[in-house]
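Participant: Just upload_0.txt, nothing more (compact mmCIF, C-alpha atoms):
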```txt
# COMPACT_ATOMS: atom_id res chain seq x y z
CA MET A 1 74.66 29.11 47.07
CA HIS A 2 78.23 28.43 45.96
CA ILE A 3 78.08 26.80 42.53
CA SER A 4 80.77 25.58 40.16
CA ILE A 5 80.10 24.93 36.48
CA ILE A 6 82.68 22.60 34.93
CA GLY A 7 82.79 23.41 31.22
CA SER A 8 82.49 26.96 29.90
CA GLY A 9 80.91 26.30 26.55
CA TYR A 10 77.45 27.36 25.45
CA VAL A 11 75.50 25.61 28.23
CA GLY A 12 78.06 26.32 30.93
CA LEU A 13 78.32 30.05 30.25
CA VAL A 14 74.57 30.64 30.02
CA THR A 15 73.89 28.52 33.12
CA GLY A 16 76.67 30.18 35.11
CA ALA A 17 75.66 33.73 34.17
CA CYS A 18 71.99 33.08 34.97
CA PHE A 19 72.69 31.44 38.33
CA ALA A 20 74.89 34.44 39.21
CA GLU A 21 72.08 36.79 38.17
CA LEU A 22 69.85 34.97 40.69
CA GLY A 23 72.30 35.93 43.42
CA ASN A 24 74.50 32.84 43.68
CA ILE A 25 78.31 32.80 43.78
CA VAL A 26 79.36 31.03 40.59
CA THR A 27 82.70 29.74 39.33
CA CYS A 28 82.91 28.70 35.68
CA ALA A 29 85.87 26.34 35.22
CA ASP A 30 87.41 25.02 32.02
CA ASN A 31 90.74 23.48 31.05
CA ASP A 32 90.86 25.62 27.89
CA THR A 33 93.32 28.30 29.02
CA LYS A 34 92.74 30.48 25.95
CA LYS A 35 88.97 30.54 26.50
CA ILE A 36 89.30 31.37 30.20
CA SER A 37 91.83 34.14 29.45
CA GLU A 38 89.42 35.66 26.96
CA LEU A 39 86.52 35.47 29.42
CA LYS A 40 88.61 37.11 32.14
CA ARG A 41 89.34 40.07 29.88
CA GLY A 42 85.71 40.37 28.81
CA ALA A 43 85.72 38.59 25.43
CA ILE A 44 82.70 36.28 25.06
CA PRO A 45 83.44 33.30 22.77
CA ILE A 46 79.83 32.77 21.63
CA TYR A 47 77.06 35.04 20.43
CA GLU A 48 73.88 34.83 22.48
CA PRO A 49 71.60 37.87 22.87
CA GLY A 50 72.00 39.40 26.34
CA LEU A 51 74.76 37.04 27.51
CA LYS A 52 77.62 39.52 27.25
CA GLU A 53 75.76 42.07 29.38
CA LEU A 54 74.81 39.43 31.96
CA ILE A 55 78.39 38.22 32.30
CA PHE A 56 79.77 41.76 32.60
CA ALA A 57 77.21 42.74 35.26
CA ASN A 58 77.85 39.69 37.44
CA THR A 59 81.64 39.75 37.15
CA ARG A 60 81.51 43.38 38.32
CA LYS A 61 79.40 42.33 41.30
CA LYS A 62 81.92 39.52 42.01
CA ARG A 63 79.23 36.86 41.73
CA LEU A 64 80.81 35.27 38.64
CA LYS A 65 84.41 34.29 37.99
CA PHE A 66 86.36 32.12 35.56
CA THR A 67 89.20 29.73 36.27
CA THR A 68 91.27 26.86 34.88
CA ASP A 69 91.68 25.50 38.43
CA ILE A 70 89.09 22.74 38.30
CA GLY A 71 90.24 21.26 41.60
CA GLY A 72 89.73 24.61 43.32
CA ALA A 73 86.31 24.97 41.73
CA VAL A 74 85.34 21.55 43.09
CA LYS A 75 86.48 22.40 46.62
CA SER A 76 84.66 25.75 46.79
CA ALA A 77 81.24 24.52 45.60
CA GLU A 78 78.17 23.10 47.27
CA ILE A 79 76.73 22.17 43.86
CA ILE A 80 78.84 21.15 40.85
CA PHE A 81 77.28 21.18 37.39
CA LEU A 82 78.87 19.07 34.66
CA ALA A 83 78.54 21.06 31.43
CA VAL A 84 81.39 19.58 29.40
CA GLY A 85 80.97 18.66 25.76
CA THR A 86 79.58 15.26 24.76
CA PRO A 87 80.29 15.22 21.00
CA ALA A 88 79.03 12.45 18.76
CA LEU A 89 81.30 9.54 17.92
CA GLU A 90 81.28 7.95 14.46
CA ASN A 91 78.89 5.20 15.64
CA GLY A 92 76.40 7.75 16.99
CA ASP A 93 77.38 7.30 20.63
CA ALA A 94 78.03 10.35 22.79
CA ASP A 95 81.71 10.76 23.69
CA LEU A 96 81.68 10.76 27.49
CA THR A 97 85.44 11.10 27.92
CA GLY A 98 85.06 14.62 29.31
CA ILE A 99 82.36 13.53 31.78
CA GLU A 100 84.54 10.66 33.06
CA HIS A 101 87.59 12.92 33.38
CA VAL A 102 85.66 15.53 35.40
CA ALA A 103 84.13 12.82 37.63
CA ARG A 104 87.64 11.60 38.49
CA ASN A 105 88.77 15.16 39.17
CA ILE A 106 85.82 15.68 41.51
CA ALA A 107 86.63 12.44 43.34
CA ILE A 108 90.23 13.51 43.93
CA ASN A 109 89.39 17.05 45.09
CA MET A 110 86.11 16.57 46.98
CA ASN A 111 86.48 17.99 50.50
CA SER A 112 82.86 18.09 51.72
CA TYR A 113 79.35 16.95 50.73
CA LYS A 114 78.55 17.92 47.14
CA VAL A 115 75.62 17.56 44.78
CA ILE A 116 77.12 16.64 41.41
CA VAL A 117 74.67 17.45 38.62
CA GLU A 118 74.66 16.29 35.00
CA LYS A 119 73.81 19.35 32.90
CA SER A 120 75.27 18.10 29.61
CA THR A 121 73.03 15.93 27.47
CA VAL A 122 74.09 12.37 28.26
CA PRO A 123 72.80 8.86 27.53
CA VAL A 124 70.55 7.20 30.06
CA GLU A 125 72.56 5.43 32.81
CA THR A 126 75.41 7.98 32.66
CA GLY A 127 74.55 9.06 36.21
CA LYS A 128 75.23 5.52 37.39
CA TRP A 129 78.71 5.65 35.86
CA VAL A 130 79.46 9.12 37.27
CA LYS A 131 78.61 7.83 40.73
CA HIS A 132 80.68 4.68 40.20
CA THR A 133 83.68 6.70 39.00
CA ILE A 134 83.60 9.05 41.99
CA GLU A 135 83.25 6.15 44.41
CA THR A 136 86.19 4.40 42.73
CA TYR A 137 88.60 7.35 42.91
CA HIS A 138 87.46 9.04 46.12
CA LYS A 139 89.24 7.52 49.13
CA ARG A 140 88.13 9.72 52.06
CA GLY A 141 84.56 8.53 52.52
CA ILE A 142 82.92 11.95 52.07
CA LYS A 143 79.26 11.62 51.12
CA PHE A 144 77.94 13.03 47.84
CA ASP A 145 74.92 12.82 45.58
CA VAL A 146 74.69 12.58 41.82
CA ALA A 147 71.72 14.21 40.09
CA SER A 148 70.46 14.93 36.58
CA ASN A 149 69.17 18.36 35.58
CA PRO A 150 68.94 18.53 31.77
CA GLU A 151 68.98 21.91 30.06
CA PHE A 152 66.27 23.06 27.66
CA LEU A 153 67.88 26.20 26.27
CA LYS A 154 67.17 27.35 22.72
CA GLU A 155 70.05 29.18 21.09
CA GLY A 156 69.06 32.77 20.47
CA ARG A 157 66.68 32.77 23.47
CA ALA A 158 68.71 30.90 26.05
CA ILE A 159 68.62 33.52 28.82
CA ASN A 160 64.85 33.90 28.56
CA ASP A 161 64.50 30.11 28.53
CA PHE A 162 66.59 29.82 31.70
CA MET A 163 64.79 32.61 33.56
CA HIS A 164 61.29 31.65 32.38
CA PRO A 165 61.36 27.88 31.82
CA ASP A 166 58.39 25.72 30.85
CA ARG A 167 59.61 23.25 33.46
CA ILE A 168 62.66 22.28 35.47
CA VAL A 169 63.54 18.58 35.47
CA ILE A 170 65.48 17.17 38.42
CA GLY A 171 66.51 13.53 38.71
CA VAL A 172 67.72 12.59 42.21
CA GLU A 173 68.33 9.65 44.52
CA SER A 174 68.08 11.37 47.91
CA LYS A 175 65.91 13.88 49.74
CA LYS A 176 68.98 16.01 50.49
CA ALA A 177 69.83 16.38 46.79
CA ARG A 178 66.18 17.04 45.98
CA ASP A 179 65.87 19.79 48.60
CA THR A 180 69.17 21.39 47.54
CA LEU A 181 68.18 21.66 43.88
CA VAL A 182 64.56 22.65 44.55
CA ASN A 183 65.83 25.50 46.73
CA LEU A 184 68.32 26.54 44.06
CA TYR A 185 65.57 26.86 41.45
CA LYS A 186 62.89 28.26 43.77
CA PRO A 187 63.41 31.91 42.66
CA LEU A 188 62.31 31.00 39.12
CA ASN A 189 58.81 30.04 40.32
CA ALA A 190 58.51 27.39 37.59
CA PRO A 191 57.02 23.88 37.59
CA ILE A 192 59.59 21.40 38.91
CA VAL A 193 59.45 17.76 37.81
CA VAL A 194 61.28 15.60 40.34
CA THR A 195 62.04 12.07 39.20
CA ASP A 196 64.73 9.41 39.30
CA ILE A 197 68.02 10.03 37.48
CA LYS A 198 67.39 7.66 34.56
CA SER A 199 64.00 9.19 33.82
CA ALA A 200 65.49 12.70 33.86
CA GLU A 201 68.22 11.61 31.44
CA LEU A 202 65.59 10.14 29.11
CA ILE A 203 63.39 13.24 29.26
CA LYS A 204 66.08 15.31 27.53
CA HIS A 205 66.68 12.89 24.65
CA ALA A 206 62.96 12.21 24.30
CA SER A 207 62.10 15.93 24.18
CA ASN A 208 64.64 16.79 21.48
CA SER A 209 63.78 13.70 19.45
CA PHE A 210 60.08 14.55 19.54
CA LEU A 211 60.71 18.13 18.42
CA ALA A 212 62.92 16.85 15.59
CA THR A 213 60.08 14.51 14.65
CA LYS A 214 57.66 17.45 14.35
CA ILE A 215 60.11 19.27 12.07
CA SER A 216 60.66 16.26 9.81
CA PHE A 217 56.92 15.56 9.71
CA ILE A 218 56.10 19.07 8.49
CA ASN A 219 58.98 18.95 5.98
CA ALA A 220 57.71 15.66 4.56
CA LEU A 221 54.25 17.19 4.36
CA ALA A 222 55.71 20.20 2.54
CA ARG A 223 56.88 17.91 -0.25
CA ILE A 224 53.33 16.61 -0.64
CA CYS A 225 52.02 20.19 -0.71
CA ASP A 226 54.38 20.99 -3.58
CA LYS A 227 53.15 17.97 -5.53
CA VAL A 228 49.44 18.76 -5.17
CA GLY A 229 49.56 22.57 -5.13
CA ALA A 230 48.72 23.14 -1.46
CA ASP A 231 50.31 25.64 0.96
CA ILE A 232 52.19 24.15 3.93
CA THR A 233 51.77 27.31 6.02
CA GLU A 234 48.00 26.97 5.82
CA VAL A 235 48.20 23.24 6.56
CA ALA A 236 50.44 23.91 9.56
CA MET A 237 48.07 26.56 10.88
CA GLY A 238 45.11 24.22 10.58
CA MET A 239 47.03 21.50 12.41
CA GLY A 240 48.60 23.74 15.02
CA LEU A 241 45.34 25.19 16.32
CA ASP A 242 44.58 21.72 17.67
CA LYS A 243 45.86 22.02 21.26
CA ARG A 244 46.94 18.39 21.18
CA ILE A 245 49.37 19.22 18.37
CA GLY A 246 50.39 22.88 18.81
CA ARG A 247 51.87 25.25 16.22
CA ALA A 248 55.48 25.25 17.51
CA PHE A 249 58.08 23.41 15.39
CA LEU A 250 55.70 23.10 12.45
CA ASN A 251 57.63 25.49 10.19
CA ALA A 252 58.67 23.83 6.94
CA GLY A 253 62.14 24.58 5.64
CA ILE A 254 65.48 23.01 4.79
CA GLY A 255 65.76 20.97 7.97
CA TYR A 256 67.12 21.30 11.49
CA GLY A 257 70.78 21.66 12.40
CA GLY A 258 72.81 22.87 15.36
CA SER A 259 74.61 21.02 18.12
CA CYS A 260 71.58 19.40 19.76
CA PHE A 261 68.98 17.83 17.49
CA PRO A 262 71.30 15.91 15.12
CA LYS A 263 73.59 14.70 17.91
CA ASP A 264 70.81 13.86 20.35
CA LEU A 265 68.78 12.01 17.71
CA ASP A 266 71.81 9.91 16.71
CA ALA A 267 72.58 9.20 20.36
CA PHE A 268 69.00 8.17 21.15
CA ILE A 269 68.93 5.80 18.16
CA THR A 270 72.20 4.24 19.33
CA ILE A 271 71.05 4.04 22.96
CA SER A 272 67.86 2.28 21.85
CA GLU A 273 69.79 -0.21 19.74
CA LYS A 274 72.09 -1.03 22.66
CA LEU A 275 69.01 -1.67 24.77
CA GLY A 276 67.64 -4.01 22.08
CA TYR A 277 65.07 -1.70 20.47
CA ASN A 278 65.17 -0.60 16.82
CA PHE A 279 63.78 2.96 16.92
CA GLU A 280 62.77 3.05 13.26
CA LEU A 281 60.66 6.19 13.66
CA LEU A 282 63.71 8.26 14.63
CA LYS A 283 65.72 6.81 11.75
CA ALA A 284 63.03 8.07 9.38
CA VAL A 285 63.13 11.49 11.08
CA ARG A 286 66.88 11.64 10.44
CA ASP A 287 66.55 10.53 6.81
CA ILE A 288 63.87 13.12 6.04
CA ASN A 289 66.02 15.85 7.54
CA GLU A 290 69.04 14.87 5.45
CA THR A 291 67.11 14.65 2.18
CA GLN A 292 65.33 17.97 2.78
CA LYS A 293 68.51 19.75 1.69
CA ASP A 294 68.42 17.73 -1.55
CA PHE A 295 64.80 18.81 -2.02
CA PHE A 296 65.93 22.45 -1.75
CA LEU A 297 68.81 21.93 -4.18
CA GLU A 298 66.44 20.42 -6.74
CA LYS A 299 64.35 23.59 -6.60
CA ILE A 300 67.45 25.62 -7.44
CA LYS A 301 68.31 23.35 -10.39
CA GLU A 302 64.75 23.46 -11.69
CA LYS A 303 64.99 27.24 -12.00
CA LEU A 304 68.63 27.72 -13.04
CA TRP A 305 69.12 24.47 -15.02
CA ILE A 306 72.93 24.45 -15.32
CA LEU A 307 74.60 25.69 -12.12
CA LYS A 308 78.15 25.82 -13.50
CA ASP A 309 79.37 29.46 -13.58
CA LYS A 310 76.06 30.74 -12.19
CA THR A 311 76.38 33.22 -9.31
CA ILE A 312 74.20 32.41 -6.33
CA GLY A 313 73.61 34.76 -3.41
CA ILE A 314 73.00 33.19 0.00
CA LEU A 315 71.50 35.00 2.98
CA GLY A 316 72.14 33.27 6.29
CA LEU A 317 74.77 30.74 7.34
CA SER A 318 74.07 29.97 11.00
CA PHE A 319 71.77 27.01 11.65
CA LYS A 320 69.13 29.37 13.04
CA PRO A 321 68.81 33.14 13.62
CA ASP A 322 70.21 34.98 16.66
CA THR A 323 73.20 32.68 17.04
CA ASP A 324 76.66 32.34 15.49
CA ASP A 325 76.49 28.54 15.71
CA ILE A 326 77.24 26.80 12.40
CA ARG A 327 77.44 23.24 13.74
CA ASN A 328 75.46 20.98 11.40
CA ALA A 329 74.08 24.09 9.69
CA PRO A 330 72.17 23.22 6.48
CA SER A 331 73.97 26.13 4.80
CA ILE A 332 77.29 24.27 4.80
CA ALA A 333 75.93 21.21 2.98
CA ILE A 334 74.08 23.44 0.51
CA ILE A 335 77.19 25.54 -0.23
CA GLU A 336 79.33 22.44 -0.75
CA ALA A 337 76.75 20.92 -3.13
CA LEU A 338 76.52 24.15 -5.15
CA LYS A 339 80.30 24.46 -5.39
CA ALA A 340 80.50 20.84 -6.57
CA GLU A 341 78.21 21.86 -9.45
CA GLY A 342 80.56 24.74 -10.36
CA ALA A 343 78.44 27.59 -9.00
CA LYS A 344 79.96 30.82 -7.69
CA ILE A 345 78.73 31.61 -4.18
CA LYS A 346 78.29 34.99 -2.50
CA ALA A 347 77.15 34.81 1.12
CA TYR A 348 76.17 37.10 3.96
CA ASP A 349 75.31 36.38 7.59
CA PRO A 350 75.00 39.03 10.31
CA CYS A 351 77.03 37.08 12.84
CA CYS A 352 78.91 33.92 11.94
CA MET A 353 81.00 34.47 8.80
CA ALA A 354 84.24 34.42 10.79
CA LYS A 355 83.43 30.91 12.01
CA ILE A 356 83.30 29.30 8.55
CA ASN A 357 86.29 27.02 8.15
CA LYS A 358 88.97 27.28 5.44
CA GLU A 359 87.64 24.35 3.41
CA VAL A 360 84.16 25.84 3.08
CA ARG A 361 85.63 29.30 2.40
CA LYS A 362 87.26 28.11 -0.84
CA GLY A 363 85.29 29.53 -3.74
CA LEU A 364 83.01 31.42 -1.36
CA LYS A 365 82.85 35.22 -1.30
CA PHE A 366 81.70 36.84 1.94
CA CYS A 367 79.67 40.02 1.55
CA LYS A 368 79.43 43.09 3.77
CA ASP A 369 75.63 43.06 3.68
CA ALA A 370 72.62 41.40 2.09
CA TYR A 371 72.59 43.76 -0.88
CA GLU A 372 76.16 42.91 -1.85
CA ALA A 373 75.14 39.23 -1.89
CA CYS A 374 72.33 40.15 -4.30
CA ARG A 375 74.50 42.20 -6.67
CA GLY A 376 75.00 40.33 -9.95
CA SER A 377 73.56 37.04 -8.63
CA ASP A 378 71.43 34.76 -10.80
CA CYS A 379 69.24 33.95 -7.80
CA LEU A 380 68.98 34.65 -4.09
CA LEU A 381 68.66 31.86 -1.52
CA ILE A 382 67.21 32.43 1.95
CA VAL A 383 68.88 29.89 4.22
CA THR A 384 68.54 31.42 7.71
CA GLU A 385 65.56 33.55 8.74
CA TRP A 386 67.36 36.48 10.40
CA ASP A 387 64.97 39.36 11.14
CA GLU A 388 67.01 41.82 9.06
CA PHE A 389 66.25 39.78 5.93
CA LYS A 390 62.55 40.39 6.50
CA GLU A 391 63.10 44.15 6.22
CA LEU A 392 65.00 44.29 2.92
CA ASP A 393 64.27 46.95 0.28
CA PHE A 394 62.96 44.60 -2.40
CA ALA A 395 62.94 47.23 -5.12
CA LYS A 396 66.68 47.50 -4.55
CA VAL A 397 67.08 43.71 -4.37
CA LYS A 398 65.30 43.34 -7.73
CA LYS A 399 67.61 45.86 -9.40
CA LEU A 400 70.74 44.17 -8.02
CA LEU A 401 69.87 40.62 -9.07
CA LYS A 402 70.54 39.48 -12.64
CA ARG A 403 67.08 37.95 -12.62
CA PRO A 404 64.34 38.45 -9.99
CA LEU A 405 64.52 34.92 -8.58
CA ILE A 406 64.27 34.18 -4.85
CA ILE A 407 64.26 30.63 -3.50
CA ASP A 408 63.22 30.83 0.13
CA GLY A 409 64.35 27.89 2.24
CA ARG A 410 62.62 29.23 5.35
CA ASN A 411 59.31 30.57 3.98
CA VAL A 412 60.16 34.03 5.27
CA TYR A 413 58.16 35.98 2.71
CA ASP A 414 54.56 36.19 1.56
CA PRO A 415 54.44 34.66 -1.96
CA GLN A 416 51.69 37.02 -3.14
CA VAL A 417 53.58 40.12 -2.01
CA MET A 418 56.75 38.88 -3.69
CA LYS A 419 54.95 38.15 -6.95
CA LYS A 420 53.34 41.60 -6.96
CA SER A 421 56.85 43.01 -6.50
CA GLY A 422 57.89 41.23 -9.69
CA PHE A 423 59.81 38.30 -8.25
CA ASN A 424 59.80 34.68 -9.31
CA TYR A 425 59.38 33.39 -5.78
CA ILE A 426 59.81 29.75 -4.73
CA GLY A 427 59.16 28.57 -1.18
CA ILE A 428 59.10 25.22 0.60
CA GLY A 429 55.76 23.46 0.28
CA ARG A 430 53.96 26.48 -1.16
CA GLY A 431 52.93 24.82 -4.40
CA LYS A 432 49.70 26.74 -4.89
CA HIS A 433 51.69 29.95 -5.29
CA GLU A 434 54.20 28.61 -7.83
```
I'd like the structure from this file rewritten - as structure tokens, please.
Facilitator:
Amino acid sequence: MHISIIGSGYVGLVTGACFAELGNIVTCADNDTKKISELKRGAIPIYEPGLKELIFANTRKKRLKFTTDIGGAVKSAEIIFLAVGTPALENGDADLTGIEHVARNIAINMNSYKVIVEKSTVPVETGKWVKHTIETYHKRGIKFDVASNPEFLKEGRAINDFMHPDRIVIGVESKKARDTLVNLYKPLNAPIVVTDIKSAELIKHASNSFLATKISFINALARICDKVGADITEVAMGMGLDKRIGRAFLNAGIGYGGSCFPKDLDAFITISEKLGYNFELLKAVRDINETQKDFFLEKIKEKLWILKDKTIGILGLSFKPDTDDIRNAPSIAIIEALKAEGAKIKAYDPCCMAKINKEVRKGLKFCKDAYEACRGSDCLLIVTEWDEFKELDFAKVKKLLKRPLIIDGRNVYDPQVMKKSGFNYIGIGRGKHE
């Protein structure tokens, strides 16, 4: 099929590359001329394992191309995916300016029947407004369908998630749109949930909000474990073996971040309020996540007492491993809080140091590797659970640190092993080991 993806950000690039890999002819369009120029010359603006190779392979086979000509992309496609950004506004709403602009562009340039698909995460009833906008600005009477097909891609595993999905959700209003999208996804041989557009839009927000709820629940439980001397990893295992609960997303730490969970949770709370429902549960989820960073900072203060002029090594800056995404990363808030106390910060991340902005960089020393971050530091903080941090030479780490203190915000290490290696080891919710 001939597909156009409008928006060449994280979702757009992964979606476009994967559809091309399935044998479709894909055009990724964006009005960011610098980004498109970089993509045309082979520079990939985001880090996602396997994406660079997938884009190179499909551009060589002429199944994938990049353009700033959005009108041309509209005309050439049977299916148009809207993958433009929907950033959060100050009131928690999603900014749908980009969606509205693209809908108008489609209306002006539409030359034949199209299926126009929401891929970006949008509030419920956005599909209604996309349809209304196209009907308002399209004057030639060409038929079209609007559909919703939310993405469920985890950064760091997005290609695998696309090619081997748990489910594919399609919200449609017509049999023609249903058949078109079912045929598009048929090669993946995955369960397809076909519903109305509003239900599909809600499924995305509901899914992310529920996963955020699991994370905040286990983090709240970790605080109780610290108070009574229990181990959150053992509690999580005992809970997770219940098939009704499941072990996924029950890893205690310093809270979730990234571009999805915080934004989607805020948006869902705001959507609910506009509809007349006070979603207090989700407000509590958000509050727990925010205060989890404070909980981590208190652990640092308990061990170092005065932070002024102390040197603190930080391993990991991205909001999760295998990505260079620092949006809403807990590391940023933690670094700013430590600097406010007068601490000296040394940091290392395998991927995203270049993305840290100038304001955060002030008073922050970037290191060439994990060992340099350890050298001369009063303690070592684990903030992102990159695999390479699990393979460190801890005899070397111990010699480099001023004192053998590790405060692990992701529960990467076994407390007993660390103690036998001579470390004062502090985890999240691992009270029985402290």
Participant: In Å to one decimal, how far is CA of Thr213 in chain A from CA of Ile245 in chain A?
Facilitator: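 Interatomic distance, CA of Ile245 in chain A to CA of Thr213 in chain A: 12.3 Å.
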Participant: List the neighbours of range 397-399 of chain A out to 7 Å using all atoms listed in the file; skip same-chain residues closer than 3 positions along the sequence, and give me the result as a list in words.
Facilitator: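 The neighbour list is Tyr371, Cys374, Asp393, Phe394 and Pro404 of chain A.
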Participant: What gap, in Å, lies between CA of Ile44 in chain A and CA of Ala83 in chain A?
Facilitator: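 CA of Ala83 in chain A lies 17.0 Å from CA of Ile44 in chain A.
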Participant: Neighbours of Ala252 in chain A within 12 Å (only C-alpha atoms; same-chain residues fewer than 5 positions away dropped), as a count of residues only?
Facilitator: 37
Participant: From the list A:Thr291, A:Ser120, A:Ser318, A:Thr323, which residue is nearest Gly156 in chain A when using all atoms listed in the file?
Facilitator: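 With all atoms listed in the file as the atom set, the closest residue is A:Thr323.
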Participant: Determine, using all atoms listed in the file, which residues of range 179-219 of chain A have any atom at most 7 Å from an atom of range 124-134 of chain A, and tabulate each with its shortest atom pair and distance in Å to one decimal place, rows ordered by chain and then rising number, as JSON lines.
Facilitator:
```
{"residue": "A:Ile197", "atom": "CA", "partner": "A:Gly127", "partner_atom": "CA", "distance": 6.7}
{"residue": "A:Lys198", "atom": "CA", "partner": "A:Val124", "partner_atom": "CA", "distance": 5.5}
{"residue": "A:Glu201", "atom": "CA", "partner": "A:Val124", "partner_atom": "CA", "distance": 5.2}
{"residue": "A:Leu202", "atom": "CA", "partner": "A:Val124", "partner_atom": "CA", "distance": 5.8}
```
Participant: With only C-alpha atoms as the atoms that count, which of A:Gly313, A:Gly71, A:Pro330, A:Gly240 lies nearest to Phe366 in chain A?
Facilitator: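 Nearest candidate to Phe366 in chain A out of A:Gly313, A:Gly71, A:Pro330, A:Gly240: A:Gly313.
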Participant: Could you check the closest approach to Ala354 in chain A for each of A:Leu317, A:Asn24, A:Lys283, A:Ala73 and tell me which residue wins, using all atoms listed in the file?
Facilitator: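 Closest to Ala354 in chain A of all the choices is A:Leu317.
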Participant: With distances taken over only C-alpha atoms, which residue among A:Val285, A:Ile5, A:Asp378, A:Glu21 lies nearest Pro187 in chain A?
Facilitator: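 Closest to Pro187 in chain A, using only C-alpha atoms: A:Glu21.
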Participant: Write out as a ChimeraX atom specification which residues come within 10 Å of range 25-33 of chain A when counting all atoms listed in the file, dropping same-chain ones fewer than 3 positions away.
Facilitator: /A:1-9,12-13,15-22,36-39,58-59,61-74,76-77,79-81,83-84
Participant: Any idea what the distance is between CA of Gly92 in chain A and CA of Val117 in chain A?
Facilitator: 23.8 Å
Participant: Smallest atom-to-atom distance to Asn251 in chain A: which of A:Pro415, A:Arg41, A:Ile106, A:Leu211, using all atoms listed in the file?
Facilitator: A:Leu211
Participant: I'd like the neighbourhood of Ala94 in chain A as a list in words, where a residue qualifies if any of its atoms comes within 10 Å (using all atoms listed in the file), though same-chain residues fewer than 5 positions away should be ignored.
Facilitator: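 My reading of the contact set: Gly85, Thr86, Pro87, Ala88, Leu89, Thr121, Val122, Pro123, Lys263, Asp264, Asp266, Ala267, Phe268, Thr270 and Ile271 of chain A.
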Participant: Put those residues in a file: C-alpha atoms, as a short mmCIF file (atom, residue, chain, number, x, y, z; two decimals), in the coordinates of the input.
Facilitator:
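Contents of the output file selection-v5.cif:
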```cif
data_model
loop_
_atom_site.label_atom_id
_atom_site.label_comp_id
_atom_site.auth_asym_id
_atom_site.auth_seq_id
_atom_site.Cartn_x
_atom_site.Cartn_y
_atom_site.Cartn_z
CA GLY A 85 80.97 18.66 25.76
CA THR A 86 79.58 15.26 24.76
CA PRO A 87 80.29 15.22 21.00
CA ALA A 88 79.03 12.45 18.76
CA LEU A 89 81.30 9.54 17.92
CA THR A 121 73.03 15.93 27.47
CA VAL A 122 74.09 12.37 28.26
CA PRO A 123 72.80 8.86 27.53
CA LYS A 263 73.59 14.70 17.91
CA ASP A 264 70.81 13.86 20.35
CA ASP A 266 71.81 9.91 16.71
CA ALA A 267 72.58 9.20 20.36
CA PHE A 268 69.00 8.17 21.15
CA THR A 270 72.20 4.24 19.33
CA ILE A 271 71.05 4.04 22.96
#
```
Participant: Quick one: axis-aligned box around all listed atoms of range 374-381 of chain A, 5 Å on every side, centre and edge lengths in Å to one decimal, written as lines of an AutoDock Vina configuration file.
Facilitator:
```
center_x = 71.8
center_y = 37.0
center_z = -6.2
size_x = 16.3
size_y = 20.3
size_z = 19.3
```
Participant: Give me the residues within 7 Å of Gly376 in chain A as a list in words, counting only C-alpha atoms and dropping any in the same chain fewer than 6 places off.
Facilitator: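 Returned residues: Leu400, Leu401 and Lys402 of chain A.
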Participant: Around the point (57.5, 23.7, 36.9) (coordinates from the file), which residues reach within 8 Å if we count all atoms listed in the file? Answer as a list in words.
Facilitator: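 The residues that fall inside the cut-off are Pro165, Asp166, Arg167, Ile168, Asn189, Ala190, Pro191, Ile192 and Val193 of chain A.
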Participant: Ranking A:Ile314, A:Ile99, A:Ile254, A:Val14 by minimum distance to Leu153 in chain A and counting all atoms listed in the file, which one comes first?
Facilitator: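 The answer is A:Val14, which sits nearest to Leu153 in chain A.
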